[in-house]
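Have a look at the structure below, then the notes.
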Amino acid sequence: MNNWKQAVLPCLLLAIVALIPQFYLCFERGAKWHGGFAYFDADEFGYAAYLQAVIDGKGRHADPYTGKQSKSETLYSIQFFPPYALSLLGWLGLTASSIFLLLVPLVAIISGLLIFALIHEVTGNSKIAAAGVLGVLILAALAAIPIPGLAPSAKRGFGQFPFLRRYLPAFPFMLLLAFTLSLWRGLTKSLWWAVGSGIFFALLVYSYFYLWTAALAWSALFLFLWILFQPDRRRTIKVSGVLAAFAVSVVPWIWLVSNRSKSFDGDQVLRHTRALDLFQTAEVAGAVIVICIAWLRGWKDRRLIFIASLALTPFILFNQQVITGRSLQSFHYAQFVTNYWIIMAIFIALGMWRTMPKRIPNLLLVGSLVIGLMLSVQAANSSYAVSARVDQAQGLKKRLDPGVVFSPNIALMYALPGQNQPLWAQHSYTFANLTLLEQRQRFFQFLYYQKLPVDQLKLALEKDSTSRVEVFGSARANELLSQDHKPITDAEINEAVNEYVEFSKSFTPMVTLSYAVVAPGDDLTNLDLWYERDSGESFEDLTIYRLKLRKPEGFPSSTLVRTGLAEIAQRK
């Protein structure tokens with residue numbers, strides 16, 4: 001019990017540090033705060049929308065961006081366990097936004113306790129285990145940074161605290177830690193713990209692809225090293241058999257994936273390659289750790305076997321394509337898994353240092369805390385503008401009836417899905433009811449209604465990652481996704497701009513809008529060509545307009561427009 005007391009303070013400090021962006025949002029918004037969560041990463045919008053749809057009872061195939069039911073499997077419907085588990089909190093009256101807010105301290109504290117338990121049980125050093133709570137979960141963000149000149153630089157990160165991106169990987173990250181701890185106990189204590197590790201693995205399969213495949217690779221390597229260097233091989237075989245029995249849970253997952261939507265492949269961009277990848281940060285650090293273990297000739301020490309398994313697994317994850325010929329966005333492993341394993345391996349190694357000066361654990365704890373504070377304050381500043389709009393969206397949802405909404409503000413469009421559908425949002429096509437072509441057309445409509453100047457569109461296609469993805473697709477916009485990446489050329493950008501110009505000339509409303517939510521200075525000239533606005537309702541710095549589609553005779557005249565009048569009238 002005394003050992004666990006040492007874990008309480010670091011876990012609470014971690015939760016407070018992680019909540020700084022939320023504290024800052026609430027402080028700045030003051031009485032205007034509508035219960036919105038502090039934004040960490042753009043993918044959180046899609047996850048929050050889906051979670052709210054599950055809470056509202058719309059089912060596993062719900063599409064909050066179109067209000068329809070998907071006819072095939074999506075990333076969300078396959079990885080259904082976290083949203084369904086979290087939706088139980090909806091019975092208490094909590095919204096997805098409230099759950100996302102609470103998930104930060106919850107995941108920080110539970111993950112911290114699991115890391116403390118793991119480091120302490122492997123090393124017996126409670127002080128290093130306490131320091132590891134902050135060290136592993138904060139310093140791992142730095143371990144995810146590519147080594148300049150060796151590994152390709154990622155075009156995007158996942159925030160200062162990658163493991164807290166909600167609800168993936170935040171929720172299953174706890175399952176991964178529980179799986180790791182249970183497998184260790186299964187080999188060193190009771191065989192029943194192996195059953196626990198099997199259950200956690202099965203839950204991971206339906207939680208997050210990158211975590212369950214990482215768990216599979218690590219456990220296979222760990223058990224192999226254990227049976228190779230430890231004397232109790234019969235027990236190891238039993239533990240392996242238990243895990244193999246639970247690995248059958250992958251079979252239904254394969255069936256679900258086989259029924260995936262076509263947009264699934266367009267978003268994920270599966271690479272066909274057999275190229276080696278040996279210079280990720282976790283691999284370089286892992287190589288150093290394994291060399292040290294070999295130099296110490298410590299393969300008989302089960303603690304060093306555990307460290308070695310953590311250090312060697314990155315080589316499997318980043319190079320499995322040599323055998324399979326396929327690689328799927330492996331940078332997720334660098335951000336969500338291997339960086340944490342490497343820092344954990346280092347702290348376990350420190351815990352084995354018998355003559356370690358007493359001040360070292362305290363220095364590590366304080367140093368990690370300072371770095372965490374710096375990262376969190378930076379996150380609070382950099383994300384506030386988006387977080388404030390996300391919070392505004394929570395207030396807007398209470399004022400709007402069901403319908404399609406247009407707003408020139410991208411953050412509002414991202415955060416609105418629920419009873420309202422955005423005209424366009426980045427994650428719309430991942431729910432499978434929109435093809436990539438339809439997604440692109442919606443994006444062009446979004447640009448048309450805000451009357452984006454052509455020169456700004458050209459600049460966006462040169463610099464803005466979102467615009468580049470929407471127009472050219474993920475594989476072309478991100479060179480990390482394709483082994484034969486072809487950079488987007490100036491000619492292609494000019495062609496896309498010309499396509500948008502022609503689209504604007506022959507424009508007809510493909511989706512009937514119900515609302516426009518705009519800020520002072522937004523140009524509504526194009527919107528007014530097609531819709532009548534009411535007098536408007538003020539909401540903070542925004543104005544909410546209820547829209548009514550004009551009668552066909554009031555539309556702009558052009559041959560292409562007139563040919564579509566009957567279809568528009570029928571849609572209305």
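Numbering starts fresh at 1 for the residues of each chain in the structure tokens, the chains themselves are lettered A, B, ... in the order given, and ligands are numbered from 1 as they appear.
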Which residues are near segment 386-388 of chain A? Cut-off 12 Å, only C-alpha atoms, ignore same chain within fewer than 4 positions. Put them as a PDB file with N, CA, C and O atoms, in the first residue's frame.
```pdb
ATOM      1  N   PRO A  21      -4.708  22.952 -21.081  1.00  0.00           N
ATOM      2  CA  PRO A  21      -5.456  23.530 -22.206  1.00  0.00           C
ATOM      3  C   PRO A  21      -6.945  23.699 -21.900  1.00  0.00           C
ATOM      4  O   PRO A  21      -7.552  24.679 -22.326  1.00  0.00           O
ATOM      5  N   GLN A  22      -7.517  22.757 -21.138  1.00  0.00           N
ATOM      6  CA  GLN A  22      -8.928  22.871 -20.777  1.00  0.00           C
ATOM      7  C   GLN A  22      -9.150  24.016 -19.784  1.00  0.00           C
ATOM      8  O   GLN A  22     -10.110  24.784 -19.912  1.00  0.00           O
ATOM      9  N   PHE A  23      -8.256  24.122 -18.791  1.00  0.00           N
ATOM     10  CA  PHE A  23      -8.359  25.231 -17.839  1.00  0.00           C
ATOM     11  C   PHE A  23      -8.273  26.573 -18.562  1.00  0.00           C
ATOM     12  O   PHE A  23      -9.020  27.505 -18.265  1.00  0.00           O
ATOM     13  N   TYR A  24      -7.359  26.652 -19.516  1.00  0.00           N
ATOM     14  CA  TYR A  24      -7.160  27.902 -20.256  1.00  0.00           C
ATOM     15  C   TYR A  24      -8.405  28.246 -21.084  1.00  0.00           C
ATOM     16  O   TYR A  24      -8.832  29.400 -21.127  1.00  0.00           O
ATOM     17  N   LEU A  25      -8.978  27.235 -21.721  1.00  0.00           N
ATOM     18  CA  LEU A  25     -10.191  27.449 -22.506  1.00  0.00           C
ATOM     19  C   LEU A  25     -11.325  27.957 -21.620  1.00  0.00           C
ATOM     20  O   LEU A  25     -12.011  28.932 -21.964  1.00  0.00           O
ATOM     21  N   CYS A  26     -11.541  27.306 -20.485  1.00  0.00           N
ATOM     22  CA  CYS A  26     -12.623  27.711 -19.578  1.00  0.00           C
ATOM     23  C   CYS A  26     -12.375  29.114 -19.035  1.00  0.00           C
ATOM     24  O   CYS A  26     -13.326  29.912 -18.910  1.00  0.00           O
ATOM     25  N   PHE A  27     -11.126  29.431 -18.720  1.00  0.00           N
ATOM     26  CA  PHE A  27     -10.802  30.754 -18.179  1.00  0.00           C
ATOM     27  C   PHE A  27     -11.048  31.838 -19.221  1.00  0.00           C
ATOM     28  O   PHE A  27     -11.662  32.876 -18.934  1.00  0.00           O
ATOM     29  N   GLU A  28     -10.586  31.621 -20.438  1.00  0.00           N
ATOM     30  CA  GLU A  28     -10.729  32.631 -21.483  1.00  0.00           C
ATOM     31  C   GLU A  28     -12.183  32.798 -21.924  1.00  0.00           C
ATOM     32  O   GLU A  28     -12.629  33.911 -22.197  1.00  0.00           O
ATOM     33  N   ARG A  29     -12.918  31.705 -21.962  1.00  0.00           N
ATOM     34  CA  ARG A  29     -14.311  31.775 -22.386  1.00  0.00           C
ATOM     35  C   ARG A  29     -15.210  32.311 -21.275  1.00  0.00           C
ATOM     36  O   ARG A  29     -16.233  32.929 -21.544  1.00  0.00           O
ATOM     37  N   GLY A  30     -14.835  32.037 -20.037  1.00  0.00           N
ATOM     38  CA  GLY A  30     -15.590  32.552 -18.912  1.00  0.00           C
ATOM     39  C   GLY A  30     -17.042  32.099 -18.929  1.00  0.00           C
ATOM     40  O   GLY A  30     -17.356  30.914 -19.094  1.00  0.00           O
ATOM     41  N   LYS A  32     -19.104  32.442 -21.164  1.00  0.00           N
ATOM     42  CA  LYS A  32     -19.518  31.999 -22.500  1.00  0.00           C
ATOM     43  C   LYS A  32     -19.201  30.526 -22.751  1.00  0.00           C
ATOM     44  O   LYS A  32     -19.555  29.999 -23.811  1.00  0.00           O
ATOM     45  N   TRP A  33     -18.506  29.889 -21.812  1.00  0.00           N
ATOM     46  CA  TRP A  33     -18.141  28.484 -22.026  1.00  0.00           C
ATOM     47  C   TRP A  33     -19.389  27.618 -22.061  1.00  0.00           C
ATOM     48  O   TRP A  33     -20.234  27.674 -21.175  1.00  0.00           O
ATOM     49  N   HIS A  34     -19.507  26.783 -23.117  1.00  0.00           N
ATOM     50  CA  HIS A  34     -20.687  25.953 -23.328  1.00  0.00           C
ATOM     51  C   HIS A  34     -20.423  24.475 -23.037  1.00  0.00           C
ATOM     52  O   HIS A  34     -21.217  23.624 -23.448  1.00  0.00           O
ATOM     53  N   GLY A  35     -19.332  24.186 -22.358  1.00  0.00           N
ATOM     54  CA  GLY A  35     -19.023  22.791 -22.047  1.00  0.00           C
ATOM     55  C   GLY A  35     -18.179  22.111 -23.099  1.00  0.00           C
ATOM     56  O   GLY A  35     -18.064  20.875 -23.105  1.00  0.00           O
ATOM     57  N   GLY A  36     -17.573  22.874 -24.002  1.00  0.00           N
ATOM     58  CA  GLY A  36     -16.742  22.305 -25.060  1.00  0.00           C
ATOM     59  C   GLY A  36     -15.411  21.792 -24.529  1.00  0.00           C
ATOM     60  O   GLY A  36     -14.906  22.249 -23.504  1.00  0.00           O
ATOM     61  N   PHE A  37     -14.826  20.843 -25.241  1.00  0.00           N
ATOM     62  CA  PHE A  37     -13.540  20.282 -24.842  1.00  0.00           C
ATOM     63  C   PHE A  37     -12.403  21.006 -25.546  1.00  0.00           C
ATOM     64  O   PHE A  37     -12.574  21.542 -26.645  1.00  0.00           O
ATOM     65  N   ALA A  38     -11.262  21.031 -24.898  1.00  0.00           N
ATOM     66  CA  ALA A  38     -10.070  21.621 -25.492  1.00  0.00           C
ATOM     67  C   ALA A  38      -9.545  20.687 -26.576  1.00  0.00           C
ATOM     68  O   ALA A  38      -9.284  19.507 -26.325  1.00  0.00           O
ATOM     69  N   TYR A  39      -9.377  21.217 -27.737  1.00  0.00           N
ATOM     70  CA  TYR A  39      -8.991  20.466 -28.936  1.00  0.00           C
ATOM     71  C   TYR A  39      -7.524  20.041 -28.857  1.00  0.00           C
ATOM     72  O   TYR A  39      -6.654  20.819 -28.477  1.00  0.00           O
ATOM     73  N   PHE A  40      -7.237  18.771 -29.174  1.00  0.00           N
ATOM     74  CA  PHE A  40      -5.867  18.261 -29.251  1.00  0.00           C
ATOM     75  C   PHE A  40      -5.443  17.975 -30.694  1.00  0.00           C
ATOM     76  O   PHE A  40      -4.325  18.250 -31.090  1.00  0.00           O
ATOM     77  N   ASP A  41      -6.373  17.376 -31.464  1.00  0.00           N
ATOM     78  CA  ASP A  41      -6.021  16.915 -32.805  1.00  0.00           C
ATOM     79  C   ASP A  41      -7.272  16.926 -33.681  1.00  0.00           C
ATOM     80  O   ASP A  41      -8.391  16.723 -33.198  1.00  0.00           O
ATOM     81  N   ALA A  42      -7.092  17.168 -34.982  1.00  0.00           N
ATOM     82  CA  ALA A  42      -8.232  17.299 -35.899  1.00  0.00           C
ATOM     83  C   ALA A  42      -9.086  16.041 -35.966  1.00  0.00           C
ATOM     84  O   ALA A  42     -10.303  16.119 -36.189  1.00  0.00           O
ATOM     85  N   GLU A  44     -10.133  14.319 -33.664  1.00  0.00           N
ATOM     86  CA  GLU A  44     -11.074  14.259 -32.549  1.00  0.00           C
ATOM     87  C   GLU A  44     -12.480  14.676 -32.958  1.00  0.00           C
ATOM     88  O   GLU A  44     -13.460  14.254 -32.345  1.00  0.00           O
ATOM     89  N   PHE A  45     -12.590  15.508 -33.991  1.00  0.00           N
ATOM     90  CA  PHE A  45     -13.908  15.943 -34.434  1.00  0.00           C
ATOM     91  C   PHE A  45     -14.743  14.756 -34.913  1.00  0.00           C
ATOM     92  O   PHE A  45     -15.920  14.614 -34.563  1.00  0.00           O
ATOM     93  N   SER A  97     -18.962  15.764 -25.859  1.00  0.00           N
ATOM     94  CA  SER A  97     -18.028  16.813 -25.463  1.00  0.00           C
ATOM     95  C   SER A  97     -17.649  16.684 -23.987  1.00  0.00           C
ATOM     96  O   SER A  97     -16.474  16.805 -23.622  1.00  0.00           O
ATOM     97  N   LEU A 101     -13.950  15.698 -22.337  1.00  0.00           N
ATOM     98  CA  LEU A 101     -13.315  16.507 -21.298  1.00  0.00           C
ATOM     99  C   LEU A 101     -12.866  15.617 -20.132  1.00  0.00           C
ATOM    100  O   LEU A 101     -11.727  15.718 -19.668  1.00  0.00           O
ATOM    101  N   ALA A 379       0.507  23.867 -25.915  1.00  0.00           N
ATOM    102  CA  ALA A 379      -0.718  23.316 -26.503  1.00  0.00           C
ATOM    103  C   ALA A 379      -1.910  24.221 -26.239  1.00  0.00           C
ATOM    104  O   ALA A 379      -2.755  24.431 -27.115  1.00  0.00           O
ATOM    105  N   ALA A 380      -1.975  24.777 -25.042  1.00  0.00           N
ATOM    106  CA  ALA A 380      -3.089  25.672 -24.697  1.00  0.00           C
ATOM    107  C   ALA A 380      -3.102  26.897 -25.598  1.00  0.00           C
ATOM    108  O   ALA A 380      -4.163  27.330 -26.069  1.00  0.00           O
ATOM    109  N   ASN A 381      -1.920  27.460 -25.845  1.00  0.00           N
ATOM    110  CA  ASN A 381      -1.838  28.654 -26.694  1.00  0.00           C
ATOM    111  C   ASN A 381      -2.129  28.345 -28.150  1.00  0.00           C
ATOM    112  O   ASN A 381      -2.864  29.078 -28.829  1.00  0.00           O
ATOM    113  N   SER A 382      -1.548  27.271 -28.642  1.00  0.00           N
ATOM    114  CA  SER A 382      -1.658  26.971 -30.069  1.00  0.00           C
ATOM    115  C   SER A 382      -3.044  26.478 -30.461  1.00  0.00           C
ATOM    116  O   SER A 382      -3.470  26.648 -31.605  1.00  0.00           O
ATOM    117  N   GLN A 392     -17.979  27.030 -29.136  1.00  0.00           N
ATOM    118  CA  GLN A 392     -19.115  27.749 -29.722  1.00  0.00           C
ATOM    119  C   GLN A 392     -20.088  26.783 -30.399  1.00  0.00           C
ATOM    120  O   GLN A 392     -21.302  26.977 -30.347  1.00  0.00           O
ATOM    121  N   ALA A 393     -19.532  25.769 -31.043  1.00  0.00           N
ATOM    122  CA  ALA A 393     -20.389  24.792 -31.729  1.00  0.00           C
ATOM    123  C   ALA A 393     -21.326  24.101 -30.746  1.00  0.00           C
ATOM    124  O   ALA A 393     -22.465  23.773 -31.096  1.00  0.00           O
ATOM    125  N   GLN A 394     -20.847  23.880 -29.504  1.00  0.00           N
ATOM    126  CA  GLN A 394     -21.719  23.261 -28.504  1.00  0.00           C
ATOM    127  C   GLN A 394     -22.918  24.152 -28.212  1.00  0.00           C
ATOM    128  O   GLN A 394     -24.030  23.687 -28.018  1.00  0.00           O
ATOM    129  N   GLY A 395     -22.669  25.473 -28.159  1.00  0.00           N
ATOM    130  CA  GLY A 395     -23.772  26.401 -27.950  1.00  0.00           C
ATOM    131  C   GLY A 395     -24.693  26.505 -29.149  1.00  0.00           C
ATOM    132  O   GLY A 395     -25.919  26.628 -29.007  1.00  0.00           O
ATOM    133  N   ASN A 409     -16.208  29.273 -41.330  1.00  0.00           N
ATOM    134  CA  ASN A 409     -15.225  28.861 -40.332  1.00  0.00           C
ATOM    135  C   ASN A 409     -15.090  27.344 -40.320  1.00  0.00           C
ATOM    136  O   ASN A 409     -16.044  26.627 -40.007  1.00  0.00           O
ATOM    137  N   ILE A 410     -13.919  26.851 -40.648  1.00  0.00           N
ATOM    138  CA  ILE A 410     -13.694  25.407 -40.774  1.00  0.00           C
ATOM    139  C   ILE A 410     -13.907  24.692 -39.453  1.00  0.00           C
ATOM    140  O   ILE A 410     -14.496  23.611 -39.399  1.00  0.00           O
ATOM    141  N   ALA A 411     -13.414  25.271 -38.345  1.00  0.00           N
ATOM    142  CA  ALA A 411     -13.541  24.615 -37.047  1.00  0.00           C
ATOM    143  C   ALA A 411     -15.003  24.397 -36.676  1.00  0.00           C
ATOM    144  O   ALA A 411     -15.365  23.356 -36.114  1.00  0.00           O
ATOM    145  N   LEU A 412     -15.851  25.377 -36.981  1.00  0.00           N
ATOM    146  CA  LEU A 412     -17.279  25.214 -36.704  1.00  0.00           C
ATOM    147  C   LEU A 412     -17.870  24.081 -37.535  1.00  0.00           C
ATOM    148  O   LEU A 412     -18.668  23.277 -37.051  1.00  0.00           O
ATOM    149  N   MET A 413     -17.488  24.005 -38.797  1.00  0.00           N
ATOM    150  CA  MET A 413     -17.988  22.944 -39.661  1.00  0.00           C
ATOM    151  C   MET A 413     -17.561  21.570 -39.141  1.00  0.00           C
ATOM    152  O   MET A 413     -18.317  20.599 -39.197  1.00  0.00           O
ATOM    153  N   TYR A 414     -16.330  21.485 -38.634  1.00  0.00           N
ATOM    154  CA  TYR A 414     -15.831  20.221 -38.110  1.00  0.00           C
ATOM    155  C   TYR A 414     -16.596  19.790 -36.858  1.00  0.00           C
ATOM    156  O   TYR A 414     -16.857  18.599 -36.645  1.00  0.00           O
ATOM    157  N   ALA A 415     -16.932  20.781 -36.003  1.00  0.00           N
ATOM    158  CA  ALA A 415     -17.460  20.471 -34.676  1.00  0.00           C
ATOM    159  C   ALA A 415     -18.974  20.378 -34.617  1.00  0.00           C
ATOM    160  O   ALA A 415     -19.514  19.995 -33.586  1.00  0.00           O
ATOM    161  N   GLU A 540     -22.856  35.455 -29.809  1.00  0.00           N
ATOM    162  CA  GLU A 540     -21.477  35.883 -29.565  1.00  0.00           C
ATOM    163  C   GLU A 540     -21.009  36.743 -30.741  1.00  0.00           C
ATOM    164  O   GLU A 540     -21.656  37.721 -31.089  1.00  0.00           O
ATOM    165  N   ASP A 541     -19.909  36.347 -31.391  1.00  0.00           N
ATOM    166  CA  ASP A 541     -19.418  37.148 -32.514  1.00  0.00           C
ATOM    167  C   ASP A 541     -19.961  36.654 -33.847  1.00  0.00           C
ATOM    168  O   ASP A 541     -19.497  37.062 -34.913  1.00  0.00           O
TER     169      ASP A 541
END
```
Need the shell around segment 106-110 of chain A: protein/DNA/RNA residues with any atom at most 12 Å away, counting only C-alpha atoms. Skip same-chain ones fewer than 3 positions apart. Format as a PyMOL selection string?
chain A and resi 7-19+86+99-103+113-117+133-134+136-138+161-178
DSSP on the backbone: what in segment 375-473 of chain A comes out strand (DSSP E), as a list of chain:residue names?
A:Gly403, A:Val404, A:Val405, A:Phe406, A:Asn420, A:Gln421, A:Pro422
List every residue of segment 32-61 of chain A that DSSP, applied to the backbone, labels as alpha helix (DSSP H), and write the result as a ChimeraX atom specification.
/A:43-55
Just the selected residues (all heavy atoms), exported as a compact mmCIF listing (two decimals), in the first residue's frame, please.
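Saved as selection.txt:
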```
# COMPACT_ATOMS: atom_id res chain seq x y z
N ASP A 43 -8.49 14.87 -35.77
CA ASP A 43 -9.26 13.63 -35.84
C ASP A 43 -10.30 13.53 -34.72
O ASP A 43 -11.24 12.73 -34.82
CB ASP A 43 -8.34 12.42 -35.78
CG ASP A 43 -7.52 12.27 -37.05
OD1 ASP A 43 -7.85 12.92 -38.05
OD2 ASP A 43 -6.54 11.50 -37.04
N GLU A 44 -10.13 14.32 -33.66
CA GLU A 44 -11.07 14.26 -32.55
C GLU A 44 -12.48 14.68 -32.96
O GLU A 44 -13.46 14.25 -32.35
CB GLU A 44 -10.58 15.14 -31.40
CG GLU A 44 -9.35 14.58 -30.70
CD GLU A 44 -8.88 15.47 -29.58
OE1 GLU A 44 -8.89 16.71 -29.75
OE2 GLU A 44 -8.48 14.94 -28.52
N PHE A 45 -12.59 15.51 -33.99
CA PHE A 45 -13.91 15.94 -34.43
C PHE A 45 -14.74 14.76 -34.91
O PHE A 45 -15.92 14.61 -34.56
CB PHE A 45 -13.79 16.97 -35.56
CG PHE A 45 -13.14 18.26 -35.12
CD1 PHE A 45 -11.97 18.69 -35.71
CD2 PHE A 45 -13.71 19.03 -34.13
CE1 PHE A 45 -11.37 19.87 -35.33
CE2 PHE A 45 -13.12 20.22 -33.73
CZ PHE A 45 -11.94 20.65 -34.32
N GLY A 46 -14.14 13.91 -35.75
CA GLY A 46 -14.86 12.74 -36.25
C GLY A 46 -15.22 11.77 -35.14
O GLY A 46 -16.33 11.23 -35.10
N TYR A 47 -14.28 11.55 -34.21
CA TYR A 47 -14.54 10.64 -33.11
C TYR A 47 -15.65 11.17 -32.20
O TYR A 47 -16.50 10.41 -31.73
CB TYR A 47 -13.26 10.40 -32.31
CG TYR A 47 -12.18 9.69 -33.07
CD1 TYR A 47 -10.87 10.14 -33.08
CD2 TYR A 47 -12.47 8.54 -33.81
CE1 TYR A 47 -9.87 9.49 -33.78
CE2 TYR A 47 -11.49 7.87 -34.53
CZ TYR A 47 -10.19 8.35 -34.50
OH TYR A 47 -9.21 7.70 -35.21
N ALA A 48 -15.62 12.47 -31.93
CA ALA A 48 -16.66 13.06 -31.08
C ALA A 48 -18.03 12.96 -31.73
O ALA A 48 -19.04 12.67 -31.07
CB ALA A 48 -16.32 14.52 -30.77
N ALA A 49 -18.09 13.21 -33.04
CA ALA A 49 -19.36 13.13 -33.76
C ALA A 49 -19.92 11.72 -33.72
O ALA A 49 -21.12 11.51 -33.51
CB ALA A 49 -19.16 13.59 -35.21
N TYR A 50 -19.05 10.73 -33.93
CA TYR A 50 -19.51 9.34 -33.91
C TYR A 50 -19.95 8.92 -32.51
O TYR A 50 -20.99 8.25 -32.35
CB TYR A 50 -18.40 8.42 -34.41
CG TYR A 50 -18.83 6.97 -34.51
CD1 TYR A 50 -19.70 6.55 -35.50
CD2 TYR A 50 -18.35 6.03 -33.61
CE1 TYR A 50 -20.10 5.22 -35.60
CE2 TYR A 50 -18.74 4.70 -33.69
CZ TYR A 50 -19.61 4.30 -34.68
OH TYR A 50 -20.01 2.99 -34.77
N LEU A 51 -19.20 9.32 -31.50
CA LEU A 51 -19.57 8.99 -30.13
C LEU A 51 -20.94 9.55 -29.79
O LEU A 51 -21.77 8.86 -29.18
CB LEU A 51 -18.51 9.52 -29.16
CG LEU A 51 -18.84 9.38 -27.67
CD1 LEU A 51 -19.10 7.93 -27.29
CD2 LEU A 51 -17.71 9.97 -26.81
N GLN A 52 -21.19 10.80 -30.20
CA GLN A 52 -22.49 11.40 -29.91
C GLN A 52 -23.61 10.66 -30.63
O GLN A 52 -24.70 10.48 -30.09
CB GLN A 52 -22.49 12.87 -30.32
CG GLN A 52 -23.74 13.63 -29.88
CD GLN A 52 -23.91 13.64 -28.38
OE1 GLN A 52 -23.01 14.02 -27.63
NE2 GLN A 52 -25.07 13.18 -27.91
N ALA A 53 -23.33 10.20 -31.85
CA ALA A 53 -24.33 9.42 -32.59
C ALA A 53 -24.64 8.11 -31.87
O ALA A 53 -25.81 7.69 -31.80
CB ALA A 53 -23.83 9.15 -34.01
N VAL A 54 -23.62 7.47 -31.32
CA VAL A 54 -23.83 6.23 -30.56
C VAL A 54 -24.64 6.52 -29.30
O VAL A 54 -25.56 5.78 -28.94
CB VAL A 54 -22.48 5.56 -30.22
CG1 VAL A 54 -22.69 4.37 -29.28
CG2 VAL A 54 -21.78 5.10 -31.49
N ILE A 55 -24.30 7.61 -28.61
CA ILE A 55 -25.05 8.00 -27.41
C ILE A 55 -26.51 8.24 -27.75
O ILE A 55 -27.42 7.88 -26.99
CB ILE A 55 -24.43 9.27 -26.79
CG1 ILE A 55 -23.04 8.95 -26.21
CG2 ILE A 55 -25.32 9.85 -25.70
CD1 ILE A 55 -22.28 10.16 -25.72
```
For atom CA of Lys548 of chain A and atom CA of Arg533 of chain A, determine how far apart the two atoms are, in Å to one decimal place.
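Calculated distance between atom CA of Lys548 of chain A and atom CA of Arg533 of chain A is 6.6 Å.
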Looking at only C-alpha atoms, which of A:Gly372, A:Pro453, A:Pro509, A:Gly418 is the one that sits closest to Ala96 of chain A?
A:Gly418
Computed gap from atom CA of Val377 of chain A to atom CA of Leu118 of chain A is 29.1 Å
